[in-house]
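Coordinates as given in start_16.cif (mmCIF, C-alpha atoms):
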data_run
#
loop_
_atom_site.label_atom_id
_atom_site.label_comp_id
_atom_site.auth_asym_id
_atom_site.auth_seq_id
_atom_site.Cartn_x
_atom_site.Cartn_y
_atom_site.Cartn_z
CA MET A 14 -5.63 42.75 197.65
CA ILE A 15 -5.33 42.23 193.88
CA SER A 16 -8.31 40.45 192.30
CA LYS A 17 -7.98 37.26 190.32
CA ARG A 18 -9.36 39.02 187.21
CA THR A 19 -6.79 41.82 187.47
CA PHE A 20 -3.98 39.32 187.99
CA LEU A 21 -5.00 37.30 184.90
CA ALA A 22 -5.22 40.47 182.81
CA ALA A 23 -1.74 41.47 183.88
CA VAL A 24 -0.39 38.03 182.96
CA ILE A 25 -1.99 38.25 179.52
CA LEU A 26 -0.56 41.73 178.92
CA PHE A 27 2.91 40.65 180.03
CA SER A 28 2.79 37.57 177.79
CA ALA A 29 1.74 39.64 174.80
CA ALA A 30 4.50 42.12 175.43
CA ALA A 31 7.01 39.30 175.59
CA VAL A 32 5.76 37.90 172.29
CA PHE A 33 5.74 41.17 170.37
CA ALA A 34 8.78 42.87 171.95
CA PRO A 35 11.80 43.14 169.66
CA PRO A 36 14.25 40.30 170.31
CA VAL A 37 17.39 41.07 172.30
CA GLN A 38 20.50 40.46 170.20
CA ALA A 39 22.54 37.59 171.58
CA ALA A 40 26.05 38.55 172.62
CA ASP A 41 27.54 36.08 170.15
CA GLN A 42 25.65 37.77 167.32
CA VAL A 43 27.17 41.23 167.80
CA VAL A 44 30.38 42.47 166.16
CA ARG A 45 31.97 45.48 167.88
CA ILE A 46 34.19 47.56 165.62
CA GLY A 47 36.45 50.43 166.62
CA TRP A 48 36.90 53.04 163.93
CA LEU A 49 39.52 55.73 163.46
CA ARG A 50 39.16 59.08 161.71
CA GLY A 51 41.42 57.96 158.90
CA PRO A 52 41.31 56.94 155.23
CA ASN A 53 40.94 53.21 155.81
CA ASP A 54 38.49 50.51 154.78
CA ILE A 55 36.71 50.40 158.15
CA THR A 56 35.87 54.11 157.98
CA LEU A 57 34.59 53.54 154.45
CA VAL A 58 32.25 50.66 155.31
CA LYS A 59 30.97 52.58 158.32
CA SER A 60 30.12 55.61 156.21
CA ARG A 61 28.48 53.63 153.42
CA GLY A 62 26.49 51.37 155.75
CA THR A 63 27.34 48.26 153.76
CA LEU A 64 28.54 46.19 156.70
CA GLU A 65 25.32 46.56 158.69
CA LYS A 66 23.28 45.58 155.64
CA ALA A 67 25.34 42.47 154.88
CA LEU A 68 25.58 41.24 158.47
CA SER A 69 21.95 41.95 159.38
CA ALA A 70 20.96 39.48 156.65
CA LYS A 71 22.83 36.89 158.74
CA GLY A 72 21.20 38.01 162.00
CA ILE A 73 24.35 39.81 163.18
CA LYS A 74 24.35 43.31 164.63
CA VAL A 75 27.22 45.77 164.17
CA GLU A 76 28.17 48.11 167.02
CA TRP A 77 30.57 50.99 166.36
CA ALA A 78 32.97 52.45 168.93
CA GLY A 79 34.99 55.62 168.42
CA PRO A 80 36.25 57.54 166.67
CA PHE A 81 39.66 56.75 168.14
CA PRO A 82 42.37 59.38 167.54
CA ALA A 83 44.99 56.77 166.62
CA ALA A 84 45.64 53.04 166.58
CA ALA A 85 47.22 52.85 170.04
CA PRO A 86 44.04 53.75 172.01
CA ALA A 87 41.98 51.54 169.70
CA PHE A 88 44.30 48.62 170.45
CA GLU A 89 43.98 49.36 174.16
CA ALA A 90 40.18 49.14 173.80
CA LEU A 91 40.62 45.81 172.04
CA ASN A 92 42.92 44.65 174.84
CA ALA A 93 40.30 45.67 177.39
CA GLY A 94 37.65 43.61 175.59
CA SER A 95 35.59 46.64 174.53
CA ILE A 96 35.88 46.02 170.78
CA ASP A 97 36.53 43.04 168.50
CA ILE A 98 37.97 44.59 165.33
CA THR A 99 39.83 47.78 164.40
CA ALA A 100 42.48 49.22 162.05
CA GLY A 101 45.98 50.63 162.38
CA SER A 102 49.42 50.66 160.82
CA SER A 103 51.63 47.59 160.74
CA THR A 104 54.10 49.55 162.87
CA SER A 105 51.50 50.18 165.58
CA ALA A 106 50.43 46.54 165.42
CA ILE A 107 54.05 45.48 165.90
CA ALA A 108 54.30 47.68 168.99
CA ALA A 109 51.02 46.21 170.30
CA LEU A 110 52.18 42.63 169.74
CA SER A 111 55.45 43.44 171.47
CA ALA A 112 53.38 44.71 174.42
CA ARG A 113 51.55 41.34 174.37
CA ILE A 114 48.17 42.74 173.36
CA PRO A 115 46.24 39.65 172.16
CA LEU A 116 45.45 40.71 168.63
CA VAL A 117 45.79 39.08 165.22
CA ILE A 118 46.27 40.77 161.85
CA PHE A 119 43.77 39.58 159.24
CA ALA A 120 44.13 42.08 156.36
CA TYR A 121 47.03 43.94 154.78
CA GLN A 122 47.21 47.07 152.65
CA LYS A 123 50.63 48.32 151.56
CA MET A 124 50.75 52.09 152.03
CA ALA A 125 51.16 54.17 148.88
CA SER A 126 54.33 56.26 148.99
CA GLY A 127 52.36 59.51 148.89
CA SER A 128 50.29 58.63 151.95
CA GLU A 129 53.17 58.99 154.44
CA GLY A 130 56.29 61.07 154.81
CA ILE A 131 58.15 63.83 156.62
CA VAL A 132 56.94 67.42 156.22
CA ALA A 133 58.89 70.54 157.29
CA THR A 134 57.57 73.91 158.40
CA LYS A 135 57.90 76.93 156.16
CA GLY A 136 61.02 78.89 157.05
CA SER A 137 62.67 76.01 158.90
CA GLY A 138 65.45 75.76 156.33
CA ILE A 139 64.81 72.02 156.00
CA ALA A 140 64.92 70.80 152.42
CA THR A 141 66.14 67.21 152.86
CA ILE A 142 66.30 64.60 155.60
CA ARG A 143 69.95 65.54 156.14
CA ASP A 144 68.79 68.98 157.28
CA LEU A 145 66.92 67.44 160.23
CA ALA A 146 70.12 67.25 162.32
CA GLY A 147 69.73 69.60 165.27
CA LYS A 148 65.99 69.98 164.67
CA LYS A 149 62.79 68.96 166.50
CA VAL A 150 60.50 66.46 164.80
CA ALA A 151 57.00 65.51 165.98
CA VAL A 152 56.32 61.76 165.98
CA ASN A 153 53.86 59.38 167.63
CA ARG A 154 55.75 57.04 169.95
CA GLY A 155 56.17 53.51 168.58
CA GLY A 156 53.92 54.19 165.61
CA THR A 157 54.20 55.27 161.99
CA GLY A 158 55.70 58.67 162.77
CA GLU A 159 58.63 57.35 164.79
CA TYR A 160 59.18 54.59 162.23
CA LEU A 161 59.28 57.06 159.32
CA LEU A 162 61.70 59.39 161.06
CA MET A 163 64.08 56.69 162.27
CA ARG A 164 63.97 54.85 158.95
CA GLY A 165 64.61 58.07 157.04
CA LEU A 166 67.56 58.97 159.25
CA GLU A 167 69.08 55.52 158.83
CA THR A 168 68.56 55.58 155.06
CA ASN A 169 70.48 58.86 154.87
CA GLY A 170 73.21 57.99 157.37
CA ILE A 171 72.09 60.53 159.98
CA ASP A 172 72.78 59.86 163.66
CA PRO A 173 69.36 59.54 165.38
CA ALA A 174 70.82 61.21 168.47
CA SER A 175 71.27 64.41 166.46
CA VAL A 176 67.51 64.80 165.98
CA GLU A 177 65.13 65.53 168.85
CA ARG A 178 62.04 63.34 168.74
CA VAL A 179 59.03 65.17 170.19
CA TYR A 180 56.44 62.57 171.15
CA LEU A 181 52.94 63.86 170.42
CA SER A 182 49.61 62.38 169.44
CA PRO A 183 48.47 63.18 165.87
CA SER A 184 45.86 65.62 167.21
CA ASP A 185 48.53 67.50 169.18
CA SER A 186 51.16 67.39 166.44
CA GLY A 187 49.14 69.54 164.03
CA PRO A 188 48.91 72.61 166.29
CA SER A 189 52.52 72.17 167.37
CA PHE A 190 53.62 72.05 163.73
CA SER A 191 51.48 74.97 162.59
CA GLN A 192 52.67 77.13 165.50
CA GLY A 193 56.34 76.36 164.89
CA HIS A 194 56.97 74.49 168.14
CA VAL A 195 58.52 71.70 166.07
CA ASP A 196 60.50 72.01 162.85
CA ALA A 197 59.11 68.95 161.10
CA TRP A 198 56.51 66.24 161.43
CA ALA A 199 56.76 62.57 160.43
CA THR A 200 53.21 61.48 159.70
CA TRP A 201 50.64 59.92 157.38
CA ASP A 202 47.39 60.86 155.67
CA PRO A 203 45.21 62.78 156.27
CA PHE A 204 47.71 64.62 158.49
CA LEU A 205 50.38 64.73 155.78
CA THR A 206 48.00 66.31 153.27
CA ILE A 207 46.70 68.74 155.92
CA ALA A 208 50.24 69.77 156.90
CA GLU A 209 51.13 70.38 153.26
CA LYS A 210 47.95 72.07 152.05
CA ALA A 211 46.54 73.78 155.15
CA TYR A 212 49.73 74.53 157.09
CA ASP A 213 51.91 75.43 154.09
CA GLY A 214 54.39 72.65 154.88
CA THR A 215 56.92 71.10 152.51
CA VAL A 216 57.16 67.34 152.11
CA ILE A 217 60.89 66.61 152.19
CA ALA A 218 60.56 62.83 151.82
CA ASP A 219 57.68 60.47 151.08
CA GLY A 220 57.39 56.78 151.85
CA ALA A 221 59.41 55.78 148.78
CA ALA A 222 62.31 58.10 149.63
CA ILE A 223 62.30 56.79 153.20
CA ARG A 224 62.12 53.18 151.93
CA SER A 225 59.16 52.50 154.14
CA ASP A 226 57.67 49.02 154.34
CA ASN A 227 54.71 50.23 156.38
CA ALA A 228 51.15 49.12 155.74
CA VAL A 229 47.60 49.58 156.98
CA VAL A 230 46.42 46.45 158.75
CA LEU A 231 43.06 45.30 160.05
CA VAL A 232 43.17 43.45 163.35
CA ALA A 233 40.85 41.41 165.53
CA SER A 234 41.12 40.22 169.09
CA ARG A 235 42.63 36.76 169.28
CA GLU A 236 39.53 35.48 171.08
CA PHE A 237 37.16 36.84 168.41
CA ALA A 238 39.23 35.39 165.57
CA LYS A 239 39.23 31.98 167.26
CA ASP A 240 35.63 31.80 168.47
CA LYS A 241 33.89 33.70 165.64
CA ALA A 242 36.00 32.93 162.59
CA ASP A 243 32.90 32.80 160.39
CA GLN A 244 31.86 36.31 161.44
CA LEU A 245 35.38 37.62 160.86
CA GLN A 246 35.31 36.17 157.35
CA LEU A 247 31.95 37.85 156.69
CA VAL A 248 33.34 41.20 157.80
CA PHE A 249 36.41 40.73 155.61
CA ASP A 250 34.27 39.82 152.58
CA VAL A 251 32.41 43.14 152.86
CA ILE A 252 35.64 45.06 153.40
CA LYS A 253 37.20 43.51 150.29
CA ALA A 254 34.19 44.49 148.19
CA GLU A 255 34.22 48.06 149.53
CA ASN A 256 37.96 48.32 149.00
CA ALA A 257 37.54 47.25 145.36
CA TRP A 258 34.91 49.98 144.96
CA ALA A 259 37.30 52.56 146.46
CA VAL A 260 40.17 51.55 144.16
CA ALA A 261 37.84 51.97 141.17
CA ASN A 262 36.38 55.24 142.51
CA LYS A 263 39.26 57.09 144.18
CA PRO A 264 37.73 60.61 144.08
CA GLU A 265 34.44 59.40 145.55
CA ALA A 266 36.24 57.41 148.26
CA GLY A 267 38.41 60.42 149.04
CA ALA A 268 35.32 62.60 149.39
CA ILE A 269 33.84 60.14 151.90
CA TRP A 270 37.05 60.03 153.91
CA ALA A 271 37.37 63.82 153.91
CA LYS A 272 33.84 64.14 155.25
CA GLU A 273 34.33 61.48 157.93
CA MET A 274 37.58 63.11 159.04
CA ASN A 275 36.12 66.62 159.06
CA VAL A 276 38.81 67.96 156.74
CA PRO A 277 38.25 70.41 153.84
CA ALA A 278 36.47 68.78 150.90
CA GLU A 279 39.15 70.00 148.48
CA LEU A 280 41.61 67.60 150.12
CA GLY A 281 39.45 64.60 149.24
CA ALA A 282 40.87 63.97 145.77
CA LYS A 283 44.46 63.68 146.98
CA ILE A 284 43.46 61.62 150.02
CA GLY A 285 41.58 59.24 147.73
CA GLU A 286 44.52 58.97 145.32
CA ASN A 287 46.95 58.27 148.17
CA ASN A 288 44.86 55.80 150.14
CA ALA A 289 42.50 53.88 147.85
CA VAL A 290 44.89 50.97 147.27
CA PRO A 291 44.20 47.22 147.31
CA THR A 292 43.57 45.38 150.57
CA THR A 293 44.31 41.65 150.68
CA ALA A 294 44.42 38.76 153.10
CA VAL A 295 47.75 38.45 154.88
CA SER A 296 50.02 36.54 152.51
CA GLN A 297 53.36 35.01 153.41
CA SER A 298 55.11 37.88 151.64
CA ALA A 299 53.16 40.33 153.80
CA VAL A 300 54.21 38.41 156.92
CA LYS A 301 57.83 38.70 155.79
CA GLN A 302 57.46 42.46 155.33
CA ILE A 303 55.87 42.93 158.75
CA ASN A 304 58.53 40.71 160.28
CA ALA A 305 61.31 42.74 158.67
CA VAL A 306 59.88 45.95 160.12
CA ALA A 307 59.54 44.27 163.53
CA GLU A 308 63.17 43.17 163.43
CA TRP A 309 64.21 46.72 162.55
CA TYR A 310 62.03 48.06 165.37
CA ALA A 311 63.68 45.75 167.89
CA LYS A 312 67.18 46.53 166.59
CA SER A 313 66.47 50.28 166.77
CA GLY A 314 65.22 50.00 170.36
CA ILE A 315 61.73 51.29 169.55
CA ILE A 316 60.23 48.11 171.03
CA PRO A 317 61.74 46.15 173.93
CA GLU A 318 61.56 42.74 172.29
CA MET A 319 60.84 41.06 168.99
CA PRO A 320 57.24 39.77 168.80
CA ASP A 321 56.24 36.53 167.06
CA ILE A 322 54.66 37.99 163.92
CA ALA A 323 53.64 34.63 162.42
CA ALA A 324 51.66 33.86 165.57
CA GLY A 325 50.03 37.29 165.31
CA VAL A 326 48.48 36.65 161.92
CA VAL A 327 45.32 34.84 160.85
CA GLU A 328 44.86 33.76 157.23
CA LEU A 329 41.45 34.41 155.68
CA LYS A 330 40.19 33.78 152.16
#

Can you turn what I pasted into structure tokens?
Amino acid sequence: MISKRTFLAAVILFSAAAVFAPPVQAADQVVRIGWLRGPNDITLVKSRGTLEKALSAKGIKVEWAGPFPAAAPAFEALNAGSIDITAGSSTSAIAALSARIPLVIFAYQKMASGSEGIVATKGSGIATIRDLAGKKVAVNRGGTGEYLLMRGLETNGIDPASVERVYLSPSDSGPSFSQGHVDAWATWDPFLTIAEKAYDGTVIADGAAIRSDNAVVLVASREFAKDKADQLQLVFDVIKAENAWAVANKPEAGAIWAKEMNVPAELGAKIGENNAVPTTAVSQSAVKQINAVAEWYAKSGIIPEMPDIAAGVVELK
């Protein structure tokens, strides 16, 4: 039998513990962000710790998930309700919207021409896009790689049926390219720089030659954007400030990205030059560009139906 004195002591101890225990963060005061090993603004703010500092001042906690190998699995995590915000290409976002994943695009960054392209293996005999006929090209299904290849073929009047698309994830494409299992690889940074510098590849066409309208976009779940618009704006404010720093300090930003991606430090300067470009809110001109790519995607049969791009965008300040 417990004594009255012991019981009262236990109550006092429990009460004190409750008073002095660290508070549990409310669910509505936590922002969950999925990050990719890529040269984007989210990776930058994660590495520099600026988002946690800014949001903690508002009583908001940041939780990181990842790294995700590409946008598609990050979007799946968003669809499953595991994360609130992530990054990807506009092409991957188009594919996700077509698949009815409830996301909204809230930031837009036009890709620099040097940050994406088609690279050929040494000894493949491929010098131009026209030489891809009869060859195998590694691409990620429905994403930037497939877009770059198909767009490049169309631009040069090459029948897509004459080129074999080998669907691989970015992590699998590198070994396949370096071992000669494919003749070329349609990809983006850091993979493009790695293929060129580490695998002795030759870039046969960059984004400008392909006439790419691709972009890096930041997305949020539709529910988060609706219910926590103020938190989304806070996140975007920090991202804009960090992006401005990166544009003004390309070598330093490139060094951070190289470290986060576990790629050789000597690649940092080029990665910074290619990817430290301005990020903005989604303007009407950006919506038109995304919509044009989506229409091309639907016409080319890469996606089954045309998504409503305007409904998949949220305008922030």

Give the answer as one residue: which of A:Ser95, A:Asn304, A:Gln297, A:Asn288 has the shortest atom-to-atom distance to Gly79 (chain A), using only C-alpha atoms?
A:Ser95

Rounded to one decimal place, report the CA of Pro52 (chain A)-CA of Gly130 (chain A) distance in Å.
15.5 Å

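Taking only C-alpha atoms into account, Ala125 (chain A) lies nearest to A:Asp219 out of the set A:Glu177, A:Glu279, A:Asp219, A:Asp41.
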
Restricting the calculation to all atoms listed in the file: of A:Leu329, A:Met274, A:Val117, A:Val195, which residue gets closest to Ala294 (chain A)?
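Checking each of A:Leu329, A:Met274, A:Val117, A:Val195 against Ala294 (chain A), counting all atoms listed in the file, the winner is A:Leu329.
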
Within 6 Å of Gly281 (chain A) using only C-alpha atoms, minus same-chain residues under 4 positions, as a list in words
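Surrounding residues, per the criterion: Gly267, Ala268, Ala271 and Gly285 of chain A.
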
Just add all heavy atoms to region 57-68 of chain A and send it as a PDB file, in the frame of the given file.
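The resulting part-v9.pdb:
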ATOM      1  N   LEU A  57      35.385  53.559 155.675  1.00  0.00           N
ATOM      2  CA  LEU A  57      34.590  53.540 154.450  1.00  0.00           C
ATOM      3  C   LEU A  57      33.317  52.714 154.622  1.00  0.00           C
ATOM      4  O   LEU A  57      32.214  53.173 154.287  1.00  0.00           O
ATOM      5  CB  LEU A  57      35.429  52.981 153.298  1.00  0.00           C
ATOM      6  CG  LEU A  57      34.811  53.066 151.905  1.00  0.00           C
ATOM      7  CD1 LEU A  57      34.707  54.514 151.445  1.00  0.00           C
ATOM      8  CD2 LEU A  57      35.662  52.265 150.907  1.00  0.00           C
ATOM      9  N   VAL A  58      33.439  51.502 155.162  1.00  0.00           N
ATOM     10  CA  VAL A  58      32.250  50.660 155.310  1.00  0.00           C
ATOM     11  C   VAL A  58      31.289  51.238 156.340  1.00  0.00           C
ATOM     12  O   VAL A  58      30.065  51.096 156.216  1.00  0.00           O
ATOM     13  CB  VAL A  58      32.603  49.200 155.673  1.00  0.00           C
ATOM     14  CG1 VAL A  58      33.433  48.558 154.581  1.00  0.00           C
ATOM     15  CG2 VAL A  58      33.308  49.102 157.004  1.00  0.00           C
ATOM     16  N   LYS A  59      31.836  51.931 157.335  1.00  0.00           N
ATOM     17  CA  LYS A  59      30.970  52.580 158.320  1.00  0.00           C
ATOM     18  C   LYS A  59      30.141  53.676 157.654  1.00  0.00           C
ATOM     19  O   LYS A  59      28.933  53.775 157.865  1.00  0.00           O
ATOM     20  CB  LYS A  59      31.784  53.187 159.457  1.00  0.00           C
ATOM     21  CG  LYS A  59      30.935  53.953 160.473  1.00  0.00           C
ATOM     22  CD  LYS A  59      31.798  54.625 161.515  1.00  0.00           C
ATOM     23  CE  LYS A  59      30.924  55.433 162.475  1.00  0.00           C
ATOM     24  NZ  LYS A  59      30.203  56.546 161.794  1.00  0.00           N
ATOM     25  N   SER A  60      30.810  54.493 156.854  1.00  0.00           N
ATOM     26  CA  SER A  60      30.120  55.610 156.210  1.00  0.00           C
ATOM     27  C   SER A  60      29.071  55.143 155.208  1.00  0.00           C
ATOM     28  O   SER A  60      27.981  55.703 155.130  1.00  0.00           O
ATOM     29  CB  SER A  60      31.137  56.511 155.515  1.00  0.00           C
ATOM     30  OG  SER A  60      30.508  57.602 154.886  1.00  0.00           O
ATOM     31  N   ARG A  61      29.379  54.094 154.474  1.00  0.00           N
ATOM     32  CA  ARG A  61      28.480  53.630 153.420  1.00  0.00           C
ATOM     33  C   ARG A  61      27.407  52.661 153.923  1.00  0.00           C
ATOM     34  O   ARG A  61      26.473  52.328 153.191  1.00  0.00           O
ATOM     35  CB  ARG A  61      29.297  52.974 152.302  1.00  0.00           C
ATOM     36  CG  ARG A  61      29.966  54.036 151.420  1.00  0.00           C
ATOM     37  CD  ARG A  61      31.025  53.476 150.492  1.00  0.00           C
ATOM     38  NE  ARG A  61      30.621  52.351 149.676  1.00  0.00           N
ATOM     39  CZ  ARG A  61      30.034  52.429 148.474  1.00  0.00           C
ATOM     40  NH1 ARG A  61      29.726  53.623 147.971  1.00  0.00           N
ATOM     41  NH2 ARG A  61      29.754  51.342 147.787  1.00  0.00           N
ATOM     42  N   GLY A  62      27.527  52.206 155.169  1.00  0.00           N
ATOM     43  CA  GLY A  62      26.490  51.370 155.750  1.00  0.00           C
ATOM     44  C   GLY A  62      26.396  49.973 155.177  1.00  0.00           C
ATOM     45  O   GLY A  62      25.416  49.253 155.431  1.00  0.00           O
ATOM     46  N   THR A  63      27.410  49.556 154.438  1.00  0.00           N
ATOM     47  CA  THR A  63      27.340  48.260 153.760  1.00  0.00           C
ATOM     48  C   THR A  63      27.518  47.081 154.715  1.00  0.00           C
ATOM     49  O   THR A  63      26.971  45.999 154.485  1.00  0.00           O
ATOM     50  CB  THR A  63      28.404  48.184 152.653  1.00  0.00           C
ATOM     51  OG1 THR A  63      29.653  48.636 153.192  1.00  0.00           O
ATOM     52  CG2 THR A  63      28.032  49.073 151.482  1.00  0.00           C
ATOM     53  N   LEU A  64      28.292  47.289 155.776  1.00  0.00           N
ATOM     54  CA  LEU A  64      28.540  46.190 156.700  1.00  0.00           C
ATOM     55  C   LEU A  64      27.277  45.816 157.471  1.00  0.00           C
ATOM     56  O   LEU A  64      26.951  44.631 157.619  1.00  0.00           O
ATOM     57  CB  LEU A  64      29.665  46.562 157.663  1.00  0.00           C
ATOM     58  CG  LEU A  64      30.245  45.418 158.500  1.00  0.00           C
ATOM     59  CD1 LEU A  64      30.822  44.333 157.603  1.00  0.00           C
ATOM     60  CD2 LEU A  64      31.318  45.940 159.437  1.00  0.00           C
ATOM     61  N   GLU A  65      26.560  46.831 157.973  1.00  0.00           N
ATOM     62  CA  GLU A  65      25.320  46.560 158.690  1.00  0.00           C
ATOM     63  C   GLU A  65      24.324  45.791 157.812  1.00  0.00           C
ATOM     64  O   GLU A  65      23.686  44.847 158.266  1.00  0.00           O
ATOM     65  CB  GLU A  65      24.655  47.854 159.169  1.00  0.00           C
ATOM     66  CG  GLU A  65      25.366  48.534 160.311  1.00  0.00           C
ATOM     67  CD  GLU A  65      26.349  49.583 159.853  1.00  0.00           C
ATOM     68  OE1 GLU A  65      26.827  49.482 158.689  1.00  0.00           O
ATOM     69  OE2 GLU A  65      26.646  50.495 160.622  1.00  0.00           O
ATOM     70  N   LYS A  66      24.225  46.211 156.557  1.00  0.00           N
ATOM     71  CA  LYS A  66      23.280  45.580 155.640  1.00  0.00           C
ATOM     72  C   LYS A  66      23.634  44.110 155.412  1.00  0.00           C
ATOM     73  O   LYS A  66      22.777  43.228 155.468  1.00  0.00           O
ATOM     74  CB  LYS A  66      23.266  46.325 154.310  1.00  0.00           C
ATOM     75  CG  LYS A  66      22.250  45.789 153.315  1.00  0.00           C
ATOM     76  CD  LYS A  66      22.242  46.633 152.044  1.00  0.00           C
ATOM     77  CE  LYS A  66      21.223  46.096 151.046  1.00  0.00           C
ATOM     78  NZ  LYS A  66      21.216  46.901 149.798  1.00  0.00           N
ATOM     79  N   ALA A  67      24.920  43.843 155.173  1.00  0.00           N
ATOM     80  CA  ALA A  67      25.340  42.470 154.880  1.00  0.00           C
ATOM     81  C   ALA A  67      25.224  41.571 156.109  1.00  0.00           C
ATOM     82  O   ALA A  67      24.774  40.428 156.010  1.00  0.00           O
ATOM     83  CB  ALA A  67      26.786  42.481 154.374  1.00  0.00           C
ATOM     84  N   LEU A  68      25.597  42.077 157.272  1.00  0.00           N
ATOM     85  CA  LEU A  68      25.580  41.240 158.470  1.00  0.00           C
ATOM     86  C   LEU A  68      24.174  41.068 159.034  1.00  0.00           C
ATOM     87  O   LEU A  68      23.866  40.023 159.619  1.00  0.00           O
ATOM     88  CB  LEU A  68      26.520  41.810 159.533  1.00  0.00           C
ATOM     89  CG  LEU A  68      27.948  41.217 159.508  1.00  0.00           C
ATOM     90  CD1 LEU A  68      28.630  41.511 158.175  1.00  0.00           C
ATOM     91  CD2 LEU A  68      28.775  41.724 160.663  1.00  0.00           C
TER      92      LEU A  68
END
